[in-house]
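**Student:** Below are the structure tokens for one structure; questions will follow.
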Amino acid sequence: MTVRISYLRTAGALALAATALAGCGAGSGDKAKGGRGGPKGPPEVGFVEVQPTSVPIVTELAGRTAAYQSSEVRPQVTGLIRRRFFTEGSMVRKGQPLYQIDPSLYRASANQAQANLSSAAANAEATRIKAERYKPLADMQAVAKQDYTDAAAQARQAAAAVAQSRAALDTAQINLRFTTVPAPITGRIGRSLFTEGALVTASQSDPLTTIQRLDPIYVDIQQASADLLRLRRSLATQGAAAASGADVRLKLEDGSDYGLTGRVEFTEVMVDAATGTVTLRARFPNPQGLLLPGMFVRASFAQSIDTNAFLIPQQAVSRDPKGNATVFVVAPDGKGGSKAVQRQVTTGRTMGANWVVTDGLKAGDKVIVQGVGKVKADATVRPVAANTPQRIKTATDKPKS
């Protein structure tokens, strides 16, 4: 019994000693941990000092392509088509023959007109000579003056007949020339609506074919008149500037970008009563013929320039629970340090990697663009210029005394 009590006392003493040692070890570990970490200072953040700049206000609108030149080829005389000289879908040059209409009747008319002119010229020559002979005889009263008057009148009538015959010959020759139908413009020709042997008339409503010039090509852009009115008011009151001769970029129907850039040619001076839109016409180079008349496209261009906007990196902008855009701005905390102040801003669109801020900032504001995730509103921060290399402490650094 005495031996058992002694054993229990010994075991209890050992347990107390082990507990004491464990407590000491834990205390020294916490102290060491506290010594390594210590109290952390304010977070380091990078900022940029913003200044107002000129930013183009880009508008994206729907549009349709239209041929630069378009001509419906029509006959100017009546007759049967004897021959077609072109290949459908090919390029034709101005003045190139396209169709041959049977010229037989028109050649005969030209020959008849030529003969009539010759007859009229011969008659005019005879009457002129007769009038010239009667004149001295009338002066000597060898013939009646009335005979001379009649001869002079006949000479003038014969001269007028010559002029009429010459005009008739010109008309006949023009009609003969019209039997060959030329290309009125240079461009790509469409399909032929009439074949060889078809009868065509000078007054028909259907064209023989159509030629379109596609390089360059027009893009007709539709803009709502209300948007155009709002733009003009902003130009007058909000410090915006007009973008003259704006460059235009296109997105095609498949969503791809058209590689070449066009320019706005003019704006219509009237509103379409049916659609309430105003047409803006842009001209684009089209050397490969990729754009065809009637295609639907999306056109983006700068209609004006905002002269008082700020460009802020996108990572600097966050959203509050209501969806409003906010940024953190460095401000003095009143104790000789700096703090992060949250400020609501207006962001309308992006430009590259930046947000375009139109309201909420002023020149000289220091906007935090690095370390935004570790910043809280009105919290103390240690601001440095953006992209400043961060200095990392090493084991060789000695603490300052």
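Following the order of the structure tokens, first chain is A, next is B, and so on, with residues numbered from 1 inside each chain and ligands from 1 in the order they appear.
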Where in stretch 75-133 of chain A does DSSP assign strand (DSSP E or B), given as a list in words?
**Tutor:**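 Of stretch 75-133 of chain A, the ones in strand (DSSP E or B) are Gly79, Leu80, Ile81, Arg82, Arg83, Arg84, Met91, Val92, Pro97, Leu98, Tyr99, Gln100 and Ile101 of chain A.
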**Student:** Take the selection from the previous step and output its residues with all heavy atoms, as a short mmCIF file (atom, residue, chain, number, x, y, z; two decimals), in the first residue's frame.
**Tutor:**
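Output below, filename result25.cif:
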```
data_model
loop_
_atom_site.label_atom_id
_atom_site.label_comp_id
_atom_site.auth_asym_id
_atom_site.auth_seq_id
_atom_site.Cartn_x
_atom_site.Cartn_y
_atom_site.Cartn_z
N GLY A 79 -35.53 47.73 -132.21
CA GLY A 79 -35.02 46.74 -133.15
C GLY A 79 -34.72 45.42 -132.48
O GLY A 79 -34.90 45.26 -131.25
N LEU A 80 -34.25 44.47 -133.25
CA LEU A 80 -33.89 43.16 -132.76
C LEU A 80 -32.42 43.13 -132.34
O LEU A 80 -31.56 43.69 -133.03
CB LEU A 80 -34.12 42.09 -133.84
CG LEU A 80 -35.58 41.84 -134.25
CD1 LEU A 80 -35.61 40.85 -135.41
CD2 LEU A 80 -36.39 41.33 -133.10
N ILE A 81 -32.15 42.50 -131.20
CA ILE A 81 -30.76 42.34 -130.76
C ILE A 81 -30.10 41.25 -131.62
O ILE A 81 -30.56 40.10 -131.65
CB ILE A 81 -30.69 41.95 -129.27
CG1 ILE A 81 -31.24 43.09 -128.40
CG2 ILE A 81 -29.25 41.64 -128.86
CD1 ILE A 81 -31.25 42.79 -126.92
N ARG A 82 -29.04 41.64 -132.29
CA ARG A 82 -28.34 40.69 -133.15
C ARG A 82 -27.16 40.03 -132.45
O ARG A 82 -26.81 38.89 -132.76
CB ARG A 82 -27.85 41.39 -134.42
CG ARG A 82 -28.98 41.90 -135.31
CD ARG A 82 -28.44 42.54 -136.58
NE ARG A 82 -27.61 41.59 -137.33
CZ ARG A 82 -26.94 41.92 -138.45
NH1 ARG A 82 -27.02 43.16 -138.92
NH2 ARG A 82 -26.22 41.03 -139.08
N ARG A 83 -26.56 40.76 -131.48
CA ARG A 83 -25.35 40.21 -130.87
C ARG A 83 -25.13 40.83 -129.50
O ARG A 83 -25.47 42.00 -129.27
CB ARG A 83 -24.14 40.46 -131.76
CG ARG A 83 -22.89 39.71 -131.34
CD ARG A 83 -21.77 39.94 -132.33
NE ARG A 83 -20.53 39.32 -131.90
CZ ARG A 83 -19.37 39.45 -132.52
NH1 ARG A 83 -19.30 40.22 -133.61
NH2 ARG A 83 -18.28 38.86 -132.07
N ARG A 84 -24.55 40.04 -128.59
CA ARG A 84 -24.12 40.54 -127.27
C ARG A 84 -22.61 40.40 -127.20
O ARG A 84 -22.05 39.32 -127.49
CB ARG A 84 -24.78 39.73 -126.16
CG ARG A 84 -24.58 40.33 -124.78
CD ARG A 84 -25.09 39.39 -123.71
NE ARG A 84 -24.16 38.28 -123.49
CZ ARG A 84 -24.45 37.20 -122.78
NH1 ARG A 84 -25.67 37.04 -122.28
NH2 ARG A 84 -23.54 36.26 -122.62
N MET A 91 -15.85 42.82 -115.85
CA MET A 91 -15.60 44.25 -115.82
C MET A 91 -15.70 44.81 -117.24
O MET A 91 -15.16 44.21 -118.18
CB MET A 91 -14.23 44.54 -115.24
CG MET A 91 -14.11 44.32 -113.75
SD MET A 91 -15.10 45.50 -112.79
CE MET A 91 -14.32 47.04 -113.25
N VAL A 92 -16.38 45.93 -117.40
CA VAL A 92 -16.48 46.59 -118.70
C VAL A 92 -15.99 48.03 -118.55
O VAL A 92 -16.04 48.60 -117.45
CB VAL A 92 -17.93 46.57 -119.23
CG1 VAL A 92 -18.40 45.15 -119.51
CG2 VAL A 92 -18.89 47.25 -118.25
N PRO A 97 -18.57 48.44 -126.46
CA PRO A 97 -19.84 47.96 -127.02
C PRO A 97 -20.39 46.79 -126.20
O PRO A 97 -19.65 45.87 -125.83
CB PRO A 97 -19.46 47.51 -128.43
CG PRO A 97 -18.18 48.22 -128.74
CD PRO A 97 -17.47 48.36 -127.43
N LEU A 98 -21.70 46.84 -125.95
CA LEU A 98 -22.36 45.78 -125.19
C LEU A 98 -23.33 44.96 -126.05
O LEU A 98 -23.36 43.74 -125.95
CB LEU A 98 -23.12 46.39 -124.00
CG LEU A 98 -22.28 47.20 -123.01
CD1 LEU A 98 -23.17 47.77 -121.92
CD2 LEU A 98 -21.17 46.34 -122.41
N TYR A 99 -24.15 45.66 -126.85
CA TYR A 99 -25.15 45.00 -127.70
C TYR A 99 -25.09 45.59 -129.11
O TYR A 99 -24.71 46.75 -129.29
CB TYR A 99 -26.57 45.19 -127.16
CG TYR A 99 -26.84 44.55 -125.81
CD1 TYR A 99 -26.68 45.27 -124.63
CD2 TYR A 99 -27.30 43.24 -125.73
CE1 TYR A 99 -26.94 44.70 -123.41
CE2 TYR A 99 -27.57 42.65 -124.50
CZ TYR A 99 -27.38 43.38 -123.35
OH TYR A 99 -27.65 42.81 -122.14
N GLN A 100 -25.50 44.78 -130.07
CA GLN A 100 -25.68 45.25 -131.45
C GLN A 100 -27.14 45.04 -131.84
O GLN A 100 -27.62 43.91 -131.87
CB GLN A 100 -24.77 44.50 -132.41
CG GLN A 100 -24.96 44.87 -133.87
CD GLN A 100 -24.53 46.30 -134.15
OE1 GLN A 100 -23.39 46.66 -133.94
NE2 GLN A 100 -25.46 47.12 -134.60
N ILE A 101 -27.86 46.15 -132.09
CA ILE A 101 -29.24 46.09 -132.58
C ILE A 101 -29.22 46.17 -134.10
O ILE A 101 -28.37 46.86 -134.68
CB ILE A 101 -30.06 47.25 -131.96
CG1 ILE A 101 -30.08 47.12 -130.43
CG2 ILE A 101 -31.47 47.28 -132.52
CD1 ILE A 101 -30.75 48.29 -129.72
#
```
**Student:** At a cut-off of 10 Å, using only C-alpha atoms, what residues contact A:Val269? Leave out same-chain residues fewer than 3 positions from it and give the result as a VMD selection string.
**Tutor:** chain A and resid 266 272 278 to 280
**Student:** Pick out the residues sitting within 8 Å of A:Arg166, and hand them over as a PyMOL selection string; count only C-alpha atoms, and ignore anything fewer than 6 positions along from it in its own chain.
**Tutor:** chain A and resi 113-114+117
**Student:** Could you write out the selected residues, including N, CA, C and O atoms, as a short mmCIF file (atom, residue, chain, number, x, y, z; two decimals), in the first residue's frame?
**Tutor:**
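Below is the file that was written, out-v4.cif:
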```cif
data_model
loop_
_atom_site.label_atom_id
_atom_site.label_comp_id
_atom_site.auth_asym_id
_atom_site.auth_seq_id
_atom_site.Cartn_x
_atom_site.Cartn_y
_atom_site.Cartn_z
N ALA A 113 -31.44 60.23 -145.89
CA ALA A 113 -31.23 61.60 -145.42
C ALA A 113 -30.05 62.24 -146.14
O ALA A 113 -30.07 63.45 -146.44
N GLN A 114 -29.03 61.45 -146.43
CA GLN A 114 -27.89 61.98 -147.15
C GLN A 114 -28.29 62.39 -148.57
O GLN A 114 -27.88 63.45 -149.07
N LEU A 117 -30.30 65.57 -148.50
CA LEU A 117 -29.43 66.73 -148.29
C LEU A 117 -28.76 67.14 -149.60
O LEU A 117 -28.66 68.34 -149.91
#
```
**Student:** Find the residue from A:Ala198, A:Val357, A:Ala363, A:Val58 that sits nearest to A:Thr326; use only C-alpha atoms when measuring.
**Tutor:**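 Closest residue, counting only C-alpha atoms: A:Val357.
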**Student:** So, with only C-alpha atoms as the atoms that count, which of A:Ala385, A:Ala122, A:Ala183, A:Val297 lies closest to A:Gly255?
**Tutor:**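 Comparing A:Ala385, A:Ala122, A:Ala183, A:Val297 against A:Gly255, the winner is A:Val297.
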**Student:** Which residue out of A:Asp220, A:Glu265, A:Glu253, A:Asp306 has the minimum interatomic distance to A:Gly63 when only C-alpha atoms are used?
**Tutor:** A:Asp220
**Student:** Neighbouring residues of A:Thr201 were defined as those with any atom within 9 Å, considering only C-alpha atoms; residues of the same chain fewer than 2 positions away were excluded. Please report them as a VMD selection string.
**Tutor:** chain A and resid 74 to 80 199 203 to 204
**Student:** Quick one: distance from atom CA of A:Gly41 to atom CA of A:Asp320 in Å, one decimal?
**Tutor:**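 According to the coordinates, atom CA of A:Gly41 and atom CA of A:Asp320 are separated by 26.5 Å.
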**Student:** Hey, which of A:Leu214, A:Ala309, A:Val329, A:Ala353 ends up closest to A:Ala66? Count only C-alpha atoms.
**Tutor:**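 Ranking A:Leu214, A:Ala309, A:Val329, A:Ala353 by distance to A:Ala66, first place goes to A:Leu214.
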**Student:** Would you pick out the contacts of A:Leu169 at 9 Å or less, using only C-alpha atoms, so that residues sharing its chain but fewer than 4 positions from it are not included, and give the list as an MDAnalysis selection string?
**Tutor:** chainID A and resid 109:114 116:117 164:165 173:174
**Student:** Using only C-alpha atoms, can you tell me which of A:Leu208, A:Leu176, A:Ala168, A:Val48 comes closest to A:Ile368?
**Tutor:**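 Distance minimum relative to A:Ile368 lands on A:Val48.
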**Student:** Taking the DSSP assignment computed from this structure's backbone, write out as an MDAnalysis selection string all residues of stretch 42-226 of chain A that belong to helix (DSSP H, G or I).
**Tutor:** chainID A and resid 104:139 145:178 225:226
**Student:** So that I can see what lies close to stretch 257-260 of chain A, please list as an NGL selection string the residues with an atom at most 12 Å from it, counting only C-alpha atoms and leaving out residues fewer than 5 positions away in the same chain.
**Tutor:** :A and (216-217 or 247-252 or 283-291 or 297-300)
**Student:** Tell me, as a list in words, which residues lie within 12 Å of A:Ala226, counting only C-alpha atoms; anything in the same chain fewer than 2 positions away does not count.
**Tutor:**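 Everything that qualifies: Gln222, Gln223, Ala224, Leu228, Leu229, Arg230, Leu231, Arg232, Arg233, Val271, Thr275, Gly276, Thr277 and Val278 of chain A.
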**Student:** Write the residues of the preceding selection, restricted to all heavy atoms, as a short mmCIF file (atom, residue, chain, number, x, y, z; two decimals), in the first residue's frame.
**Tutor:**
```cif
data_model
loop_
_atom_site.label_atom_id
_atom_site.label_comp_id
_atom_site.auth_asym_id
_atom_site.auth_seq_id
_atom_site.Cartn_x
_atom_site.Cartn_y
_atom_site.Cartn_z
N GLN A 222 -27.58 55.13 -91.05
CA GLN A 222 -28.81 55.73 -90.55
C GLN A 222 -28.66 56.10 -89.08
O GLN A 222 -28.30 55.25 -88.26
CB GLN A 222 -30.00 54.77 -90.72
CG GLN A 222 -30.18 54.23 -92.13
CD GLN A 222 -30.48 55.33 -93.13
OE1 GLN A 222 -31.17 56.29 -92.83
NE2 GLN A 222 -29.95 55.18 -94.35
N GLN A 223 -28.92 57.36 -88.75
CA GLN A 223 -28.86 57.82 -87.37
C GLN A 223 -30.18 58.48 -87.01
O GLN A 223 -30.72 59.28 -87.79
CB GLN A 223 -27.71 58.80 -87.15
CG GLN A 223 -27.58 59.25 -85.69
CD GLN A 223 -26.36 60.12 -85.45
OE1 GLN A 223 -25.91 60.82 -86.34
NE2 GLN A 223 -25.81 60.07 -84.25
N ALA A 224 -30.71 58.14 -85.83
CA ALA A 224 -31.97 58.73 -85.38
C ALA A 224 -31.82 60.24 -85.24
O ALA A 224 -30.80 60.73 -84.75
CB ALA A 224 -32.42 58.11 -84.06
N LEU A 228 -29.00 62.76 -83.21
CA LEU A 228 -28.26 63.83 -83.87
C LEU A 228 -28.52 65.17 -83.19
O LEU A 228 -27.61 65.98 -83.01
CB LEU A 228 -28.65 63.90 -85.35
CG LEU A 228 -27.85 64.88 -86.21
CD1 LEU A 228 -26.38 64.53 -86.21
CD2 LEU A 228 -28.39 64.89 -87.64
N LEU A 229 -29.76 65.41 -82.77
CA LEU A 229 -30.09 66.64 -82.05
C LEU A 229 -29.37 66.70 -80.71
O LEU A 229 -28.84 67.74 -80.32
CB LEU A 229 -31.61 66.72 -81.86
CG LEU A 229 -32.14 67.96 -81.16
CD1 LEU A 229 -31.81 69.22 -81.95
CD2 LEU A 229 -33.65 67.86 -80.96
N ARG A 230 -29.32 65.57 -80.00
CA ARG A 230 -28.61 65.52 -78.71
C ARG A 230 -27.13 65.79 -78.91
O ARG A 230 -26.49 66.48 -78.10
CB ARG A 230 -28.85 64.15 -78.07
CG ARG A 230 -28.36 64.06 -76.62
CD ARG A 230 -28.62 62.67 -76.04
NE ARG A 230 -30.01 62.30 -76.20
CZ ARG A 230 -30.44 61.33 -76.98
NH1 ARG A 230 -29.58 60.64 -77.70
NH2 ARG A 230 -31.73 61.04 -77.07
N LEU A 231 -26.56 65.25 -79.97
CA LEU A 231 -25.14 65.48 -80.25
C LEU A 231 -24.86 66.95 -80.51
O LEU A 231 -23.91 67.52 -79.98
CB LEU A 231 -24.72 64.63 -81.45
CG LEU A 231 -23.32 64.91 -82.00
CD1 LEU A 231 -22.27 64.52 -80.99
CD2 LEU A 231 -23.11 64.16 -83.31
N ARG A 232 -25.70 67.59 -81.29
CA ARG A 232 -25.48 69.01 -81.59
C ARG A 232 -25.62 69.87 -80.35
O ARG A 232 -24.91 70.87 -80.18
CB ARG A 232 -26.44 69.45 -82.68
CG ARG A 232 -26.13 68.81 -84.03
CD ARG A 232 -27.06 69.26 -85.13
NE ARG A 232 -26.65 68.73 -86.44
CZ ARG A 232 -27.31 68.93 -87.57
NH1 ARG A 232 -28.41 69.67 -87.56
NH2 ARG A 232 -26.86 68.40 -88.69
N ARG A 233 -26.52 69.50 -79.45
CA ARG A 233 -26.64 70.26 -78.20
C ARG A 233 -25.40 70.09 -77.34
O ARG A 233 -24.94 71.05 -76.70
CB ARG A 233 -27.88 69.81 -77.45
CG ARG A 233 -29.18 70.35 -78.07
CD ARG A 233 -30.39 69.84 -77.34
NE ARG A 233 -31.61 70.45 -77.84
CZ ARG A 233 -32.84 70.05 -77.50
NH1 ARG A 233 -33.00 69.05 -76.66
NH2 ARG A 233 -33.89 70.67 -78.01
N VAL A 271 -34.72 64.91 -92.69
CA VAL A 271 -35.05 63.71 -91.94
C VAL A 271 -36.06 62.89 -92.74
O VAL A 271 -37.03 63.44 -93.27
CB VAL A 271 -35.62 64.06 -90.55
CG1 VAL A 271 -36.00 62.81 -89.78
CG2 VAL A 271 -34.61 64.88 -89.76
N THR A 275 -38.95 56.94 -91.39
CA THR A 275 -38.12 56.25 -90.38
C THR A 275 -37.63 57.17 -89.27
O THR A 275 -37.15 56.68 -88.24
CB THR A 275 -36.91 55.61 -91.06
OG1 THR A 275 -36.12 56.64 -91.70
CG2 THR A 275 -37.35 54.62 -92.13
N GLY A 276 -37.72 58.47 -89.46
CA GLY A 276 -37.21 59.40 -88.44
C GLY A 276 -35.71 59.39 -88.31
O GLY A 276 -35.17 59.65 -87.23
N THR A 277 -35.02 59.09 -89.40
CA THR A 277 -33.56 59.01 -89.37
C THR A 277 -32.95 59.97 -90.38
O THR A 277 -33.60 60.42 -91.32
CB THR A 277 -33.07 57.58 -89.69
OG1 THR A 277 -33.55 57.19 -90.98
CG2 THR A 277 -33.57 56.59 -88.65
N VAL A 278 -31.68 60.25 -90.15
CA VAL A 278 -30.87 61.07 -91.05
C VAL A 278 -29.78 60.17 -91.64
O VAL A 278 -29.20 59.35 -90.93
CB VAL A 278 -30.25 62.27 -90.32
CG1 VAL A 278 -29.36 63.07 -91.25
CG2 VAL A 278 -31.33 63.15 -89.72
#
```
**Student:** Quote the spacing between atom CA of A:Gly336 and atom CA of A:Asp378 in Å to one decimal place.
**Tutor:**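 That distance, rounded to one decimal, is 14.4 Å.
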